[in-house]
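Okay, protein32.cif is below, mmCIF, C-alpha atoms:
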data_work
loop_
_atom_site.label_atom_id
_atom_site.label_comp_id
_atom_site.auth_asym_id
_atom_site.auth_seq_id
_atom_site.Cartn_x
_atom_site.Cartn_y
_atom_site.Cartn_z
CA MET U 715 33.45 -15.54 -27.24
CA ASN U 716 33.96 -15.48 -23.48
CA ILE U 717 30.86 -14.57 -21.46
CA LEU U 718 30.44 -13.49 -17.83
CA VAL U 719 27.08 -14.13 -16.12
CA LEU U 720 26.35 -12.49 -12.77
CA GLY U 721 24.03 -14.21 -10.30
CA SER U 722 23.50 -17.36 -8.28
CA GLY U 723 19.89 -18.48 -8.71
CA GLY U 724 17.88 -20.84 -10.85
CA ARG U 725 17.41 -18.04 -13.36
CA GLU U 726 21.16 -17.74 -13.83
CA HIS U 727 21.63 -21.51 -14.15
CA ALA U 728 18.98 -21.53 -16.89
CA ILE U 729 20.67 -18.59 -18.64
CA VAL U 730 24.07 -20.29 -18.43
CA CYS U 731 22.68 -23.55 -19.84
CA SER U 732 21.09 -21.73 -22.79
CA LEU U 733 24.26 -19.73 -23.47
CA ALA U 734 26.33 -22.93 -23.34
CA ASP U 735 24.21 -24.36 -26.18
CA SER U 736 25.44 -21.60 -28.50
CA PRO U 737 28.35 -22.33 -30.86
CA ARG U 738 29.44 -18.73 -30.24
CA ALA U 739 30.11 -19.40 -26.56
CA GLU U 740 33.67 -20.37 -25.65
CA ARG U 741 34.28 -19.97 -21.92
CA ILE U 742 31.38 -18.97 -19.68
CA PHE U 743 32.19 -17.49 -16.29
CA VAL U 744 29.51 -17.26 -13.59
CA ALA U 745 29.81 -15.17 -10.43
CA PRO U 746 29.05 -16.39 -7.86
CA GLY U 747 27.08 -19.31 -9.37
CA ASN U 748 25.66 -22.24 -7.40
CA GLY U 749 25.93 -26.01 -7.27
CA GLY U 750 24.73 -26.42 -10.84
CA SER U 751 26.99 -26.79 -13.83
CA ALA U 752 27.06 -26.68 -17.61
CA PRO U 753 29.74 -27.53 -20.19
CA GLY U 754 32.65 -25.10 -20.22
CA VAL U 755 31.44 -23.05 -17.24
CA VAL U 756 33.91 -21.64 -14.71
CA ARG U 757 32.98 -20.07 -11.37
CA ALA U 758 34.49 -16.62 -10.89
CA GLU U 759 35.39 -15.10 -7.56
CA LEU U 760 34.24 -11.49 -7.68
CA ASP U 761 31.66 -9.18 -6.10
CA GLN U 762 28.73 -8.93 -8.52
CA MET U 763 27.71 -5.63 -6.90
CA ASP U 764 31.10 -4.00 -7.61
CA GLY U 765 31.07 -2.51 -11.11
CA ALA U 766 34.82 -1.88 -11.09
CA ALA U 767 35.53 -5.49 -10.09
CA VAL U 768 33.25 -6.79 -12.85
CA VAL U 769 35.01 -4.61 -15.44
CA ALA U 770 38.47 -5.66 -14.22
CA PHE U 771 37.55 -9.34 -14.44
CA ALA U 772 35.98 -8.93 -17.87
CA GLU U 773 39.02 -7.14 -19.24
CA ALA U 774 41.47 -9.63 -17.73
CA ASN U 775 39.56 -12.59 -19.18
CA GLU U 776 38.71 -11.13 -22.62
CA VAL U 777 34.98 -11.23 -21.94
CA GLY U 778 32.91 -10.18 -24.93
CA LEU U 779 29.54 -10.10 -23.21
CA VAL U 780 28.45 -9.49 -19.61
CA VAL U 781 25.00 -10.79 -18.65
CA ILE U 782 23.52 -9.42 -15.41
CA GLY U 783 20.90 -11.75 -13.94
CA PRO U 784 19.63 -10.30 -10.63
CA GLU U 785 17.97 -6.97 -10.00
CA ALA U 786 20.31 -5.72 -7.24
CA PRO U 787 23.43 -5.16 -9.40
CA LEU U 788 21.24 -3.61 -12.10
CA VAL U 789 19.80 -1.09 -9.65
CA ALA U 790 23.33 -0.48 -8.35
CA GLY U 791 24.48 0.58 -11.84
CA VAL U 792 26.83 -2.30 -12.64
CA ALA U 793 25.65 -2.29 -16.27
CA ASP U 794 26.58 1.40 -16.54
CA ALA U 795 30.13 0.63 -15.38
CA VAL U 796 30.47 -2.23 -17.88
CA ARG U 797 29.23 -0.14 -20.80
CA ALA U 798 31.50 2.75 -19.80
CA ALA U 799 34.39 0.33 -20.35
CA ASP U 800 33.08 -0.43 -23.88
CA ILE U 801 32.16 -4.02 -23.00
CA PRO U 802 28.84 -5.28 -24.42
CA CYS U 803 26.36 -5.75 -21.58
CA PHE U 804 22.94 -7.37 -21.36
CA GLY U 805 20.93 -5.58 -18.67
CA PRO U 806 19.63 -2.04 -18.21
CA GLY U 807 21.57 0.72 -16.48
CA ALA U 808 20.54 2.17 -13.14
CA ALA U 809 18.07 4.62 -14.73
CA GLY U 810 16.17 1.81 -16.47
CA ALA U 811 16.40 -0.58 -13.52
CA LEU U 812 14.40 1.92 -11.45
CA ILE U 813 11.33 0.43 -13.13
CA GLU U 814 11.86 -2.42 -10.65
CA GLY U 815 13.97 -0.73 -7.99
CA SER U 816 11.28 1.83 -7.18
CA LYS U 817 7.64 0.86 -7.38
CA GLN U 818 6.75 4.53 -7.14
CA PHE U 819 8.84 5.30 -10.24
CA SER U 820 7.15 2.46 -12.09
CA LYS U 821 3.63 3.47 -11.06
CA ASP U 822 4.27 7.13 -11.85
CA LEU U 823 5.61 6.15 -15.29
CA MET U 824 2.47 4.14 -16.00
CA LEU U 825 0.24 6.97 -14.84
CA LYS U 826 2.07 9.51 -17.01
CA TYR U 827 1.91 7.40 -20.17
CA GLU U 828 -1.58 5.97 -19.57
CA ILE U 829 -0.50 2.37 -19.16
CA PRO U 830 -3.37 0.62 -17.32
CA THR U 831 -2.54 -0.43 -13.77
CA ALA U 832 -4.10 -0.46 -10.31
CA GLU U 833 -4.97 2.80 -8.59
CA TYR U 834 -2.37 3.56 -5.91
CA ALA U 835 -1.14 5.88 -3.20
CA VAL U 836 2.39 6.40 -1.83
CA PHE U 837 3.27 6.84 1.85
CA GLU U 838 6.45 7.76 3.70
CA ASP U 839 5.14 7.31 7.26
CA GLU U 840 3.13 4.64 9.03
CA ALA U 841 0.41 6.91 10.41
CA SER U 842 -0.62 8.22 6.99
CA ALA U 843 -0.66 4.72 5.52
CA LEU U 844 -2.82 3.38 8.36
CA ALA U 845 -5.20 6.31 8.01
CA TYR U 846 -5.55 5.49 4.29
CA LEU U 847 -6.32 1.85 5.13
CA ALA U 848 -9.08 3.01 7.48
CA ARG U 849 -10.73 4.72 4.50
CA HIS U 850 -10.03 1.90 2.01
CA PRO U 851 -10.91 -1.49 3.52
CA ALA U 852 -9.51 -4.84 2.39
CA PRO U 853 -9.01 -6.58 0.10
CA ILE U 854 -6.09 -4.33 -0.77
CA VAL U 855 -2.41 -4.68 -1.74
CA VAL U 856 0.52 -3.36 0.30
CA LYS U 857 3.99 -3.14 -1.29
CA ALA U 858 7.42 -2.13 -0.06
CA ASN U 859 8.72 0.43 -2.54
CA GLY U 860 12.20 -1.03 -3.03
CA LEU U 861 13.77 -4.40 -3.74
CA ALA U 862 12.61 -7.12 -1.34
CA ALA U 863 13.52 -10.36 -3.17
CA GLY U 864 9.92 -10.88 -4.28
CA LYS U 865 8.64 -10.92 -0.69
CA GLY U 866 7.67 -7.27 -0.18
CA VAL U 867 4.12 -7.61 -1.52
CA THR U 868 1.15 -8.48 0.68
CA VAL U 869 -2.22 -9.21 -0.90
CA ALA U 870 -4.27 -8.45 2.20
CA GLU U 871 -7.62 -10.22 2.38
CA THR U 872 -8.44 -8.60 5.74
CA ASN U 873 -7.85 -5.20 7.32
CA ASP U 874 -5.68 -6.79 10.01
CA GLU U 875 -3.41 -8.27 7.32
CA ALA U 876 -3.08 -4.88 5.64
CA VAL U 877 -2.25 -3.13 8.90
CA GLU U 878 0.34 -5.79 9.74
CA ALA U 879 1.93 -5.42 6.30
CA VAL U 880 2.23 -1.65 6.66
CA ARG U 881 3.74 -1.98 10.14
CA ALA U 882 6.19 -4.63 8.88
CA CYS U 883 7.43 -2.30 6.15
CA PHE U 884 7.89 0.73 8.39
CA GLY U 885 9.17 -1.52 11.17
CA GLY U 886 12.20 -2.51 9.14
CA ARG U 887 11.38 -6.02 7.92
CA PHE U 888 12.59 -5.10 4.42
CA GLY U 889 15.25 -2.60 5.44
CA SER U 890 15.42 0.56 3.33
CA ALA U 891 13.11 -1.07 0.75
CA GLY U 892 10.20 -0.53 3.16
CA ALA U 893 10.94 3.10 4.00
CA LYS U 894 8.26 4.03 1.48
CA VAL U 895 5.04 2.05 0.99
CA ILE U 896 2.70 1.72 -1.99
CA ILE U 897 -0.94 0.81 -1.29
CA GLU U 898 -2.82 -0.39 -4.35
CA GLU U 899 -6.28 -1.27 -5.50
CA TYR U 900 -6.99 -5.01 -5.35
CA MET U 901 -7.47 -6.40 -8.85
CA THR U 902 -9.02 -9.75 -9.72
CA GLY U 903 -8.32 -12.26 -12.46
CA PRO U 904 -5.53 -14.62 -13.54
CA GLU U 905 -1.97 -13.33 -13.52
CA CYS U 906 0.36 -13.67 -16.48
CA SER U 907 4.00 -12.74 -17.08
CA LEU U 908 5.28 -11.51 -20.42
CA LEU U 909 9.00 -10.95 -20.88
CA ALA U 910 10.55 -9.12 -23.79
CA PHE U 911 14.02 -8.53 -25.19
CA VAL U 912 14.73 -4.80 -25.57
CA ASP U 913 17.65 -3.05 -27.31
CA GLY U 914 16.87 0.58 -26.45
CA ARG U 915 14.62 1.03 -29.49
CA HIS U 916 13.12 -2.32 -30.46
CA MET U 917 11.22 -4.95 -28.49
CA LEU U 918 10.68 -8.68 -29.15
CA PRO U 919 8.22 -10.47 -26.85
CA MET U 920 8.87 -13.95 -25.51
CA VAL U 921 6.25 -16.61 -24.85
CA PRO U 922 3.97 -15.85 -21.88
CA ALA U 923 4.33 -17.69 -18.57
CA GLN U 924 2.26 -18.06 -15.42
CA ASP U 925 4.01 -18.12 -12.03
CA HIS U 926 2.62 -19.36 -8.71
CA LYS U 927 3.64 -16.79 -6.09
CA ARG U 928 1.94 -18.12 -2.96
CA ALA U 929 3.81 -20.59 -0.77
CA LEU U 930 0.96 -23.04 -0.25
CA GLU U 931 -1.37 -25.04 -2.47
CA GLY U 932 -4.59 -23.42 -3.50
CA ASP U 933 -2.73 -20.10 -3.78
CA LYS U 934 -2.66 -19.71 -0.01
CA GLY U 935 0.03 -18.49 2.34
CA PRO U 936 2.64 -15.73 1.99
CA ASN U 937 4.10 -14.47 -1.27
CA THR U 938 7.37 -16.05 -2.31
CA GLY U 939 9.84 -15.60 -5.14
CA GLY U 940 7.77 -18.18 -7.04
CA MET U 941 6.90 -21.85 -6.39
CA GLY U 942 6.29 -23.08 -9.93
CA VAL U 943 5.57 -21.92 -13.44
CA TYR U 944 4.52 -23.03 -16.90
CA SER U 945 4.65 -21.70 -20.46
CA PRO U 946 2.84 -20.91 -22.66
CA VAL U 947 -0.38 -20.05 -20.81
CA PRO U 948 -3.42 -21.92 -22.12
CA ILE U 949 -6.01 -19.56 -20.62
CA VAL U 950 -4.64 -16.44 -22.38
CA SER U 951 -6.57 -15.48 -25.51
CA GLU U 952 -4.92 -14.18 -28.66
CA LEU U 953 -6.62 -10.84 -28.03
CA GLU U 954 -5.21 -10.59 -24.51
CA LEU U 955 -1.73 -11.57 -25.67
CA GLY U 956 -1.87 -8.90 -28.35
CA GLU U 957 -2.95 -6.31 -25.77
CA MET U 958 -0.10 -7.28 -23.44
CA ILE U 959 2.44 -7.02 -26.26
CA ALA U 960 1.06 -3.59 -27.17
CA LEU U 961 1.41 -2.44 -23.55
CA MET U 962 4.99 -3.69 -23.43
CA GLN U 963 5.78 -1.69 -26.56
CA LYS U 964 4.06 1.34 -25.07
CA THR U 965 6.29 0.99 -22.00
CA VAL U 966 9.44 0.77 -24.13
CA ASP U 967 8.30 3.92 -25.94
CA ALA U 968 7.72 5.59 -22.57
CA LEU U 969 11.26 4.77 -21.47
CA ILE U 970 12.60 6.23 -24.72
CA SER U 971 10.56 9.39 -24.12
CA GLU U 972 12.10 9.62 -20.65
CA GLY U 973 15.57 9.51 -22.20
CA ILE U 974 16.33 6.03 -20.82
CA ASP U 975 18.46 3.72 -23.00
CA TYR U 976 17.01 0.39 -21.86
CA LYS U 977 18.90 -2.73 -23.01
CA GLY U 978 18.05 -6.15 -21.61
CA VAL U 979 14.84 -7.83 -20.50
CA LEU U 980 11.67 -5.97 -19.62
CA TYR U 981 9.35 -8.15 -17.54
CA GLY U 982 5.68 -7.27 -17.42
CA GLY U 983 3.49 -8.81 -14.74
CA PHE U 984 -0.16 -8.57 -15.80
CA MET U 985 -3.56 -9.13 -14.24
CA LEU U 986 -6.09 -10.34 -16.81
CA THR U 987 -9.10 -8.39 -15.59
CA SER U 988 -12.63 -8.36 -16.99
CA THR U 989 -11.78 -5.07 -18.74
CA GLY U 990 -8.50 -6.31 -20.23
CA PRO U 991 -4.89 -6.75 -19.11
CA ARG U 992 -3.59 -4.31 -16.48
CA VAL U 993 0.01 -4.10 -15.29
CA LEU U 994 0.76 -5.38 -11.78
CA GLU U 995 4.47 -4.56 -11.90
CA PHE U 996 7.53 -4.33 -14.11
CA ASN U 997 10.85 -6.03 -13.49
CA ALA U 998 14.16 -5.11 -15.10
CA ARG U 999 15.44 -8.65 -15.66
CA PHE U 1000 14.48 -12.22 -16.47
CA GLY U 1001 11.87 -13.60 -14.10
CA ASP U 1002 12.67 -16.35 -11.64
CA PRO U 1003 11.25 -18.99 -12.14
CA GLU U 1004 9.79 -17.83 -15.50
CA THR U 1005 13.23 -18.07 -17.14
CA GLN U 1006 13.35 -21.77 -16.29
CA VAL U 1007 10.45 -22.48 -18.68
CA VAL U 1008 10.83 -19.68 -21.24
CA LEU U 1009 14.47 -20.22 -22.24
CA PRO U 1010 14.12 -24.01 -22.70
CA LEU U 1011 11.43 -23.22 -25.30
CA LEU U 1012 13.67 -20.76 -27.19
CA THR U 1013 15.40 -22.28 -30.24
CA SER U 1014 17.10 -19.05 -31.34
CA ASP U 1015 20.76 -18.57 -30.37
CA LEU U 1016 20.67 -16.73 -27.03
CA VAL U 1017 24.17 -15.29 -27.43
CA THR U 1018 23.17 -13.71 -30.74
CA VAL U 1019 19.98 -12.25 -29.26
CA MET U 1020 21.72 -10.82 -26.19
CA LEU U 1021 24.48 -9.26 -28.28
CA ALA U 1022 21.85 -7.73 -30.55
CA CYS U 1023 20.18 -6.20 -27.49
CA SER U 1024 23.49 -4.79 -26.25
CA LYS U 1025 24.29 -3.26 -29.65
CA GLY U 1026 20.84 -1.91 -30.56
CA GLU U 1027 20.42 -4.43 -33.39
CA LEU U 1028 17.41 -6.42 -32.21
CA ASP U 1029 15.52 -5.51 -35.38
CA GLN U 1030 17.88 -7.91 -37.17
CA CYS U 1031 16.71 -10.85 -35.03
CA GLU U 1032 13.66 -13.09 -35.19
CA LEU U 1033 12.82 -15.31 -32.22
CA GLN U 1034 12.07 -18.97 -32.86
CA TRP U 1035 10.31 -21.24 -30.36
CA HIS U 1036 9.72 -24.95 -29.79
CA ASP U 1037 6.13 -26.01 -30.46
CA ARG U 1038 6.00 -27.54 -27.00
CA TRP U 1039 4.95 -26.84 -23.42
CA ALA U 1040 7.14 -26.39 -20.36
CA ALA U 1041 6.35 -26.78 -16.67
CA SER U 1042 8.63 -26.26 -13.68
CA VAL U 1043 8.15 -27.13 -10.00
CA VAL U 1044 10.21 -25.42 -7.30
CA LEU U 1045 11.62 -27.60 -4.54
CA ALA U 1046 12.15 -25.46 -1.45
CA SER U 1047 13.55 -25.77 2.06
CA ALA U 1048 11.16 -26.36 4.94
CA SER U 1049 9.66 -23.11 6.32
CA TYR U 1050 10.46 -21.09 3.17
CA PRO U 1051 9.85 -18.12 2.75
CA GLU U 1052 10.56 -17.74 6.48
CA SER U 1053 13.86 -18.85 8.06
CA TYR U 1054 15.15 -22.24 6.93
CA GLU U 1055 18.09 -24.56 7.42
CA THR U 1056 20.75 -25.23 4.79
CA GLY U 1057 23.48 -27.82 4.22
CA LYS U 1058 21.10 -30.74 3.60
CA PRO U 1059 22.43 -33.39 1.14
CA ILE U 1060 20.39 -33.70 -2.06
CA THR U 1061 19.90 -37.03 -3.85
CA GLY U 1062 18.18 -38.06 -7.06
CA ILE U 1063 19.09 -35.18 -9.37
CA GLU U 1064 20.82 -37.45 -11.90
CA ALA U 1065 17.90 -39.88 -11.87
CA ALA U 1066 15.46 -37.03 -12.47
CA GLU U 1067 17.49 -35.66 -15.38
CA ALA U 1068 17.65 -39.15 -16.89
CA LEU U 1069 13.93 -38.84 -17.60
CA GLU U 1070 13.09 -37.67 -21.10
CA ASN U 1071 12.92 -33.88 -21.56
CA VAL U 1072 13.72 -33.08 -17.90
CA THR U 1073 16.25 -30.50 -16.71
CA VAL U 1074 16.94 -29.69 -13.08
CA PHE U 1075 18.05 -26.09 -12.67
CA HIS U 1076 19.94 -25.38 -9.46
CA ALA U 1077 18.94 -22.37 -7.37
CA GLY U 1078 19.85 -22.51 -3.66
CA THR U 1079 22.54 -25.19 -3.88
CA ARG U 1080 26.27 -25.58 -3.34
CA ARG U 1081 28.84 -28.37 -3.60
CA ASP U 1082 31.03 -29.53 -0.74
CA VAL U 1083 34.69 -30.55 -1.13
CA SER U 1084 33.64 -34.03 -2.26
CA GLY U 1085 31.38 -32.66 -4.97
CA ALA U 1086 28.14 -33.58 -3.22
CA VAL U 1087 25.25 -31.18 -3.75
CA LEU U 1088 23.80 -29.52 -0.64
CA THR U 1089 20.91 -27.14 -0.04
CA ASN U 1090 22.01 -23.52 0.26
CA GLY U 1091 18.86 -21.41 0.06
CA GLY U 1092 15.10 -21.20 0.32
CA ARG U 1093 14.26 -22.15 -3.24
CA VAL U 1094 16.61 -25.07 -3.88
CA LEU U 1095 15.86 -26.58 -7.30
CA ASN U 1096 13.65 -25.91 -10.34
CA VAL U 1097 12.49 -29.20 -11.86
CA THR U 1098 11.57 -28.41 -15.47
CA ALA U 1099 10.02 -30.68 -18.08
CA LEU U 1100 8.98 -30.21 -21.70
CA GLY U 1101 6.04 -32.01 -23.25
CA SER U 1102 3.87 -32.19 -26.36
CA SER U 1103 0.96 -30.92 -24.25
CA PHE U 1104 0.56 -28.89 -21.10
CA GLN U 1105 -0.57 -31.94 -19.17
CA ASP U 1106 2.35 -34.06 -20.45
CA ALA U 1107 4.88 -31.43 -19.34
CA ARG U 1108 3.26 -31.08 -15.94
CA GLU U 1109 3.08 -34.83 -15.29
CA GLN U 1110 6.70 -35.36 -16.36
CA ALA U 1111 7.88 -32.58 -14.04
CA TYR U 1112 6.16 -34.24 -11.09
CA ARG U 1113 7.65 -37.65 -12.02
CA ALA U 1114 11.07 -36.03 -11.75
CA VAL U 1115 10.16 -34.28 -8.49
CA ASP U 1116 9.39 -37.67 -6.92
CA LEU U 1117 12.95 -38.86 -7.64
CA ILE U 1118 14.67 -36.00 -5.80
CA ASP U 1119 14.99 -35.90 -2.04
CA PHE U 1120 16.52 -33.82 0.72
CA GLU U 1121 15.61 -33.28 4.36
CA GLY U 1122 12.80 -30.72 4.64
CA LYS U 1123 11.87 -30.79 0.93
CA ILE U 1124 8.62 -28.92 0.31
CA TYR U 1125 6.82 -28.10 -2.92
CA ARG U 1126 3.39 -27.33 -4.28
CA ARG U 1127 1.56 -30.27 -5.82
CA ASP U 1128 -0.89 -28.09 -7.75
CA ILE U 1129 1.33 -26.20 -10.20
CA GLY U 1130 -0.77 -25.72 -13.34
CA GLU U 1131 -3.79 -27.54 -11.91
CA ARG U 1132 -5.99 -24.47 -11.98
CA ALA U 1133 -5.21 -23.76 -15.63
CA LEU U 1134 -6.19 -27.32 -16.56
CA ARG U 1135 -9.69 -26.48 -15.32
CA GLY U 1136 -9.92 -23.50 -17.67
CA ARG U 1137 -10.54 -19.77 -17.29
CA ASN U 1138 -13.60 -20.26 -15.09
CA ALA U 1139 -11.27 -21.56 -12.33
CA TRP U 1140 -10.47 -17.89 -11.59
CA GLU U 1141 -14.10 -16.78 -11.42
#

Could you spell out this file's structure in structure tokens?
Amino acid sequence: MNILVLGSGGREHAIVCSLADSPRAERIFVAPGNGGSAPGVVRAELDQMDGAAVVAFAEANEVGLVVIGPEAPLVAGVADAVRAADIPCFGPGAAGALIEGSKQFSKDLMLKYEIPTAEYAVFEDEASALAYLARHPAPIVVKANGLAAGKGVTVAETNDEAVEAVRACFGGRFGSAGAKVIIEEYMTGPECSLLAFVDGRHMLPMVPAQDHKRALEGDKGPNTGGMGVYSPVPIVSELELGEMIALMQKTVDALISEGIDYKGVLYGGFMLTSTGPRVLEFNARFGDPETQVVLPLLTSDLVTVMLACSKGELDQCELQWHDRWAASVVLASASYPESYETGKPITGIEAAEALENVTVFHAGTRRDVSGAVLTNGGRVLNVTALGSSFQDAREQAYRAVDLIDFEGKIYRRDIGERALRGRNAWE
């Protein structure tokens, strides 16, 4: 079977690598892709935001499955165009993708179906939002309503930070995504991500993961797309995991009740509060960098699972997982998530991957005419390692990190450190 994957990040490289392991995969096309590679993968020149172009390419190349990685083409309705052409597609249509594309839609859905989340208010002008902040002092959370590449959320510890975040949104920092602002109650506790495969009716949860959103060690600095991650999550109890799975199923049922045929990944971001898990947000696709630890732990055939999702046959699948741990460290460009330089030569990737159980997933990379790998984004590489224990996986990932170099390389040295200290590290 020929497969087309849309996207260019570390998430998409991880997806492509997992698909390439399947005996059902023949040619895999990726558009636009990055500097990473996998056996039998061909880069395709097409606009991933153009549904008609995606359909035309798929038909011309006898593609039997289209996999949409990023949120932007999902929100734009590319999956709807692919399905209208009777091509199996993994990824929700525009109606389902609103669960990520509009935080107001997501929060209103949770309120309607009694899915526990933070209290919130929605604002369409700066004055009203600032007046609300005057009545609700920090700590508080300010979010741009639309897609902002994971950078539209400010966890404001002070009133000045909250005011600045509101002004940034209405001042155009996030474009149209900030034309509406959500202000939320500040919740405390560890965060945990739970992703699930969904086929419109059925849901199968994956293993939980814990991302590190803040740019700097000690969970300081601005929010990013994610600086490191591990799976499973040692501090999550069986009771909490069961509650998160139940809330994911409740959300799938809510989407069904709303008449939304949701096929793809539903990503639940949870806060593990003292009163139980509460939803921080939903995403309509695989997480990045969560995918880079979750998929390496999956032993089931990913092509089979994705086709089952696209055809409404997920009830015929059973997910199988390695009895191992995975940890991934993000190597980023200097000054990320602010402006950064690109085009820096990268060395040491082959040496890192020569270590046992290490895979380097490319994110913001490209190759020049000689084949050399250069930096081409903020988050450059995801250095992922598997181990027989959490600590083994973490230590092996950092051994690999030490072998890779490029000008301006930055990374967090404390990925997973807090979890090693146990649940009381969040108290």

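Between Ala1048 in chain U and the residues U:Lys821, U:Arg1093, U:Lys964, U:Lys927, the shortest atom-to-atom distance, using all atoms listed in the file, involves U:Arg1093.
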
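You can rank U:Val1115, U:Val856, U:Leu1011, U:Cys1023 by their closest distance to Val1044 in chain U using all atoms listed in the file, and at the top of that list sits U:Val1115.
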
Evaluate the PyMOL selection byres ((chain U and resi 751) around 12) on the structure here and hand back the selected residues as a PyMOL selection string. chain U and resi 722+724+726-732+734+742-744+747-750+752-757+1073-1077+1079-1081+1085+1087

The residue from U:His916, U:Arg928, U:Arg881, U:Lys826 with the smallest atom-to-atom distance to Leu844 in chain U, counting only C-alpha atoms, is U:Arg881

Set the distance at 12 Å and use only C-alpha atoms: which residues neighbour His926 in chain U once local chain neighbours fewer than 6 positions away are removed? I'd like the list as number ranges by chain. U: 904-907, 932-944, 1002-1004, 1041-1044, 1125-1133

Which residue out of U:Pro802, U:Gly864, U:Pro746, U:Gly1026 has the minimum interatomic distance to Glu773 in chain U when only C-alpha atoms are used? U:Pro802

Show me the residues close to (3.1, -0.8, -22.8) - anything with an atom within 12 Å, counting only C-alpha atoms - and format the list as JSON, numbers by chain. {"U": [820, 823, 824, 825, 826, 827, 828, 829, 830, 831, 908, 909, 910, 917, 919, 956, 957, 958, 959, 960, 961, 962, 963, 964, 965, 966, 967, 968, 969, 970, 980, 981, 982, 983, 984, 991, 992, 993, 995, 996]}

Writer output for current selection, C-alpha atoms, as a compact mmCIF listing (two decimals), in the coordinates of the input:
# COMPACT_ATOMS: atom_id res chain seq x y z
CA SER U 820 7.15 2.46 -12.09
CA LEU U 823 5.61 6.15 -15.29
CA MET U 824 2.47 4.14 -16.00
CA LEU U 825 0.24 6.97 -14.84
CA LYS U 826 2.07 9.51 -17.01
CA TYR U 827 1.91 7.40 -20.17
CA GLU U 828 -1.58 5.97 -19.57
CA ILE U 829 -0.50 2.37 -19.16
CA PRO U 830 -3.37 0.62 -17.32
CA THR U 831 -2.54 -0.43 -13.77
CA LEU U 908 5.28 -11.51 -20.42
CA LEU U 909 9.00 -10.95 -20.88
CA ALA U 910 10.55 -9.12 -23.79
CA MET U 917 11.22 -4.95 -28.49
CA PRO U 919 8.22 -10.47 -26.85
CA GLY U 956 -1.87 -8.90 -28.35
CA GLU U 957 -2.95 -6.31 -25.77
CA MET U 958 -0.10 -7.28 -23.44
CA ILE U 959 2.44 -7.02 -26.26
CA ALA U 960 1.06 -3.59 -27.17
CA LEU U 961 1.41 -2.44 -23.55
CA MET U 962 4.99 -3.69 -23.43
CA GLN U 963 5.78 -1.69 -26.56
CA LYS U 964 4.06 1.34 -25.07
CA THR U 965 6.29 0.99 -22.00
CA VAL U 966 9.44 0.77 -24.13
CA ASP U 967 8.30 3.92 -25.94
CA ALA U 968 7.72 5.59 -22.57
CA LEU U 969 11.26 4.77 -21.47
CA ILE U 970 12.60 6.23 -24.72
CA LEU U 980 11.67 -5.97 -19.62
CA TYR U 981 9.35 -8.15 -17.54
CA GLY U 982 5.68 -7.27 -17.42
CA GLY U 983 3.49 -8.81 -14.74
CA PHE U 984 -0.16 -8.57 -15.80
CA PRO U 991 -4.89 -6.75 -19.11
CA ARG U 992 -3.59 -4.31 -16.48
CA VAL U 993 0.01 -4.10 -15.29
CA GLU U 995 4.47 -4.56 -11.90
CA PHE U 996 7.53 -4.33 -14.11

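Rounded to one decimal, CA of Ser1049 in chain U and CA of Ala882 in chain U lie 19.0 Å from each other.
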
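Closest approach to Ile1118 in chain U from the set U:Phe884, U:Glu840, U:Ala1046, U:Glu1052 is made by U:Ala1046, with distances taken over all atoms listed in the file.
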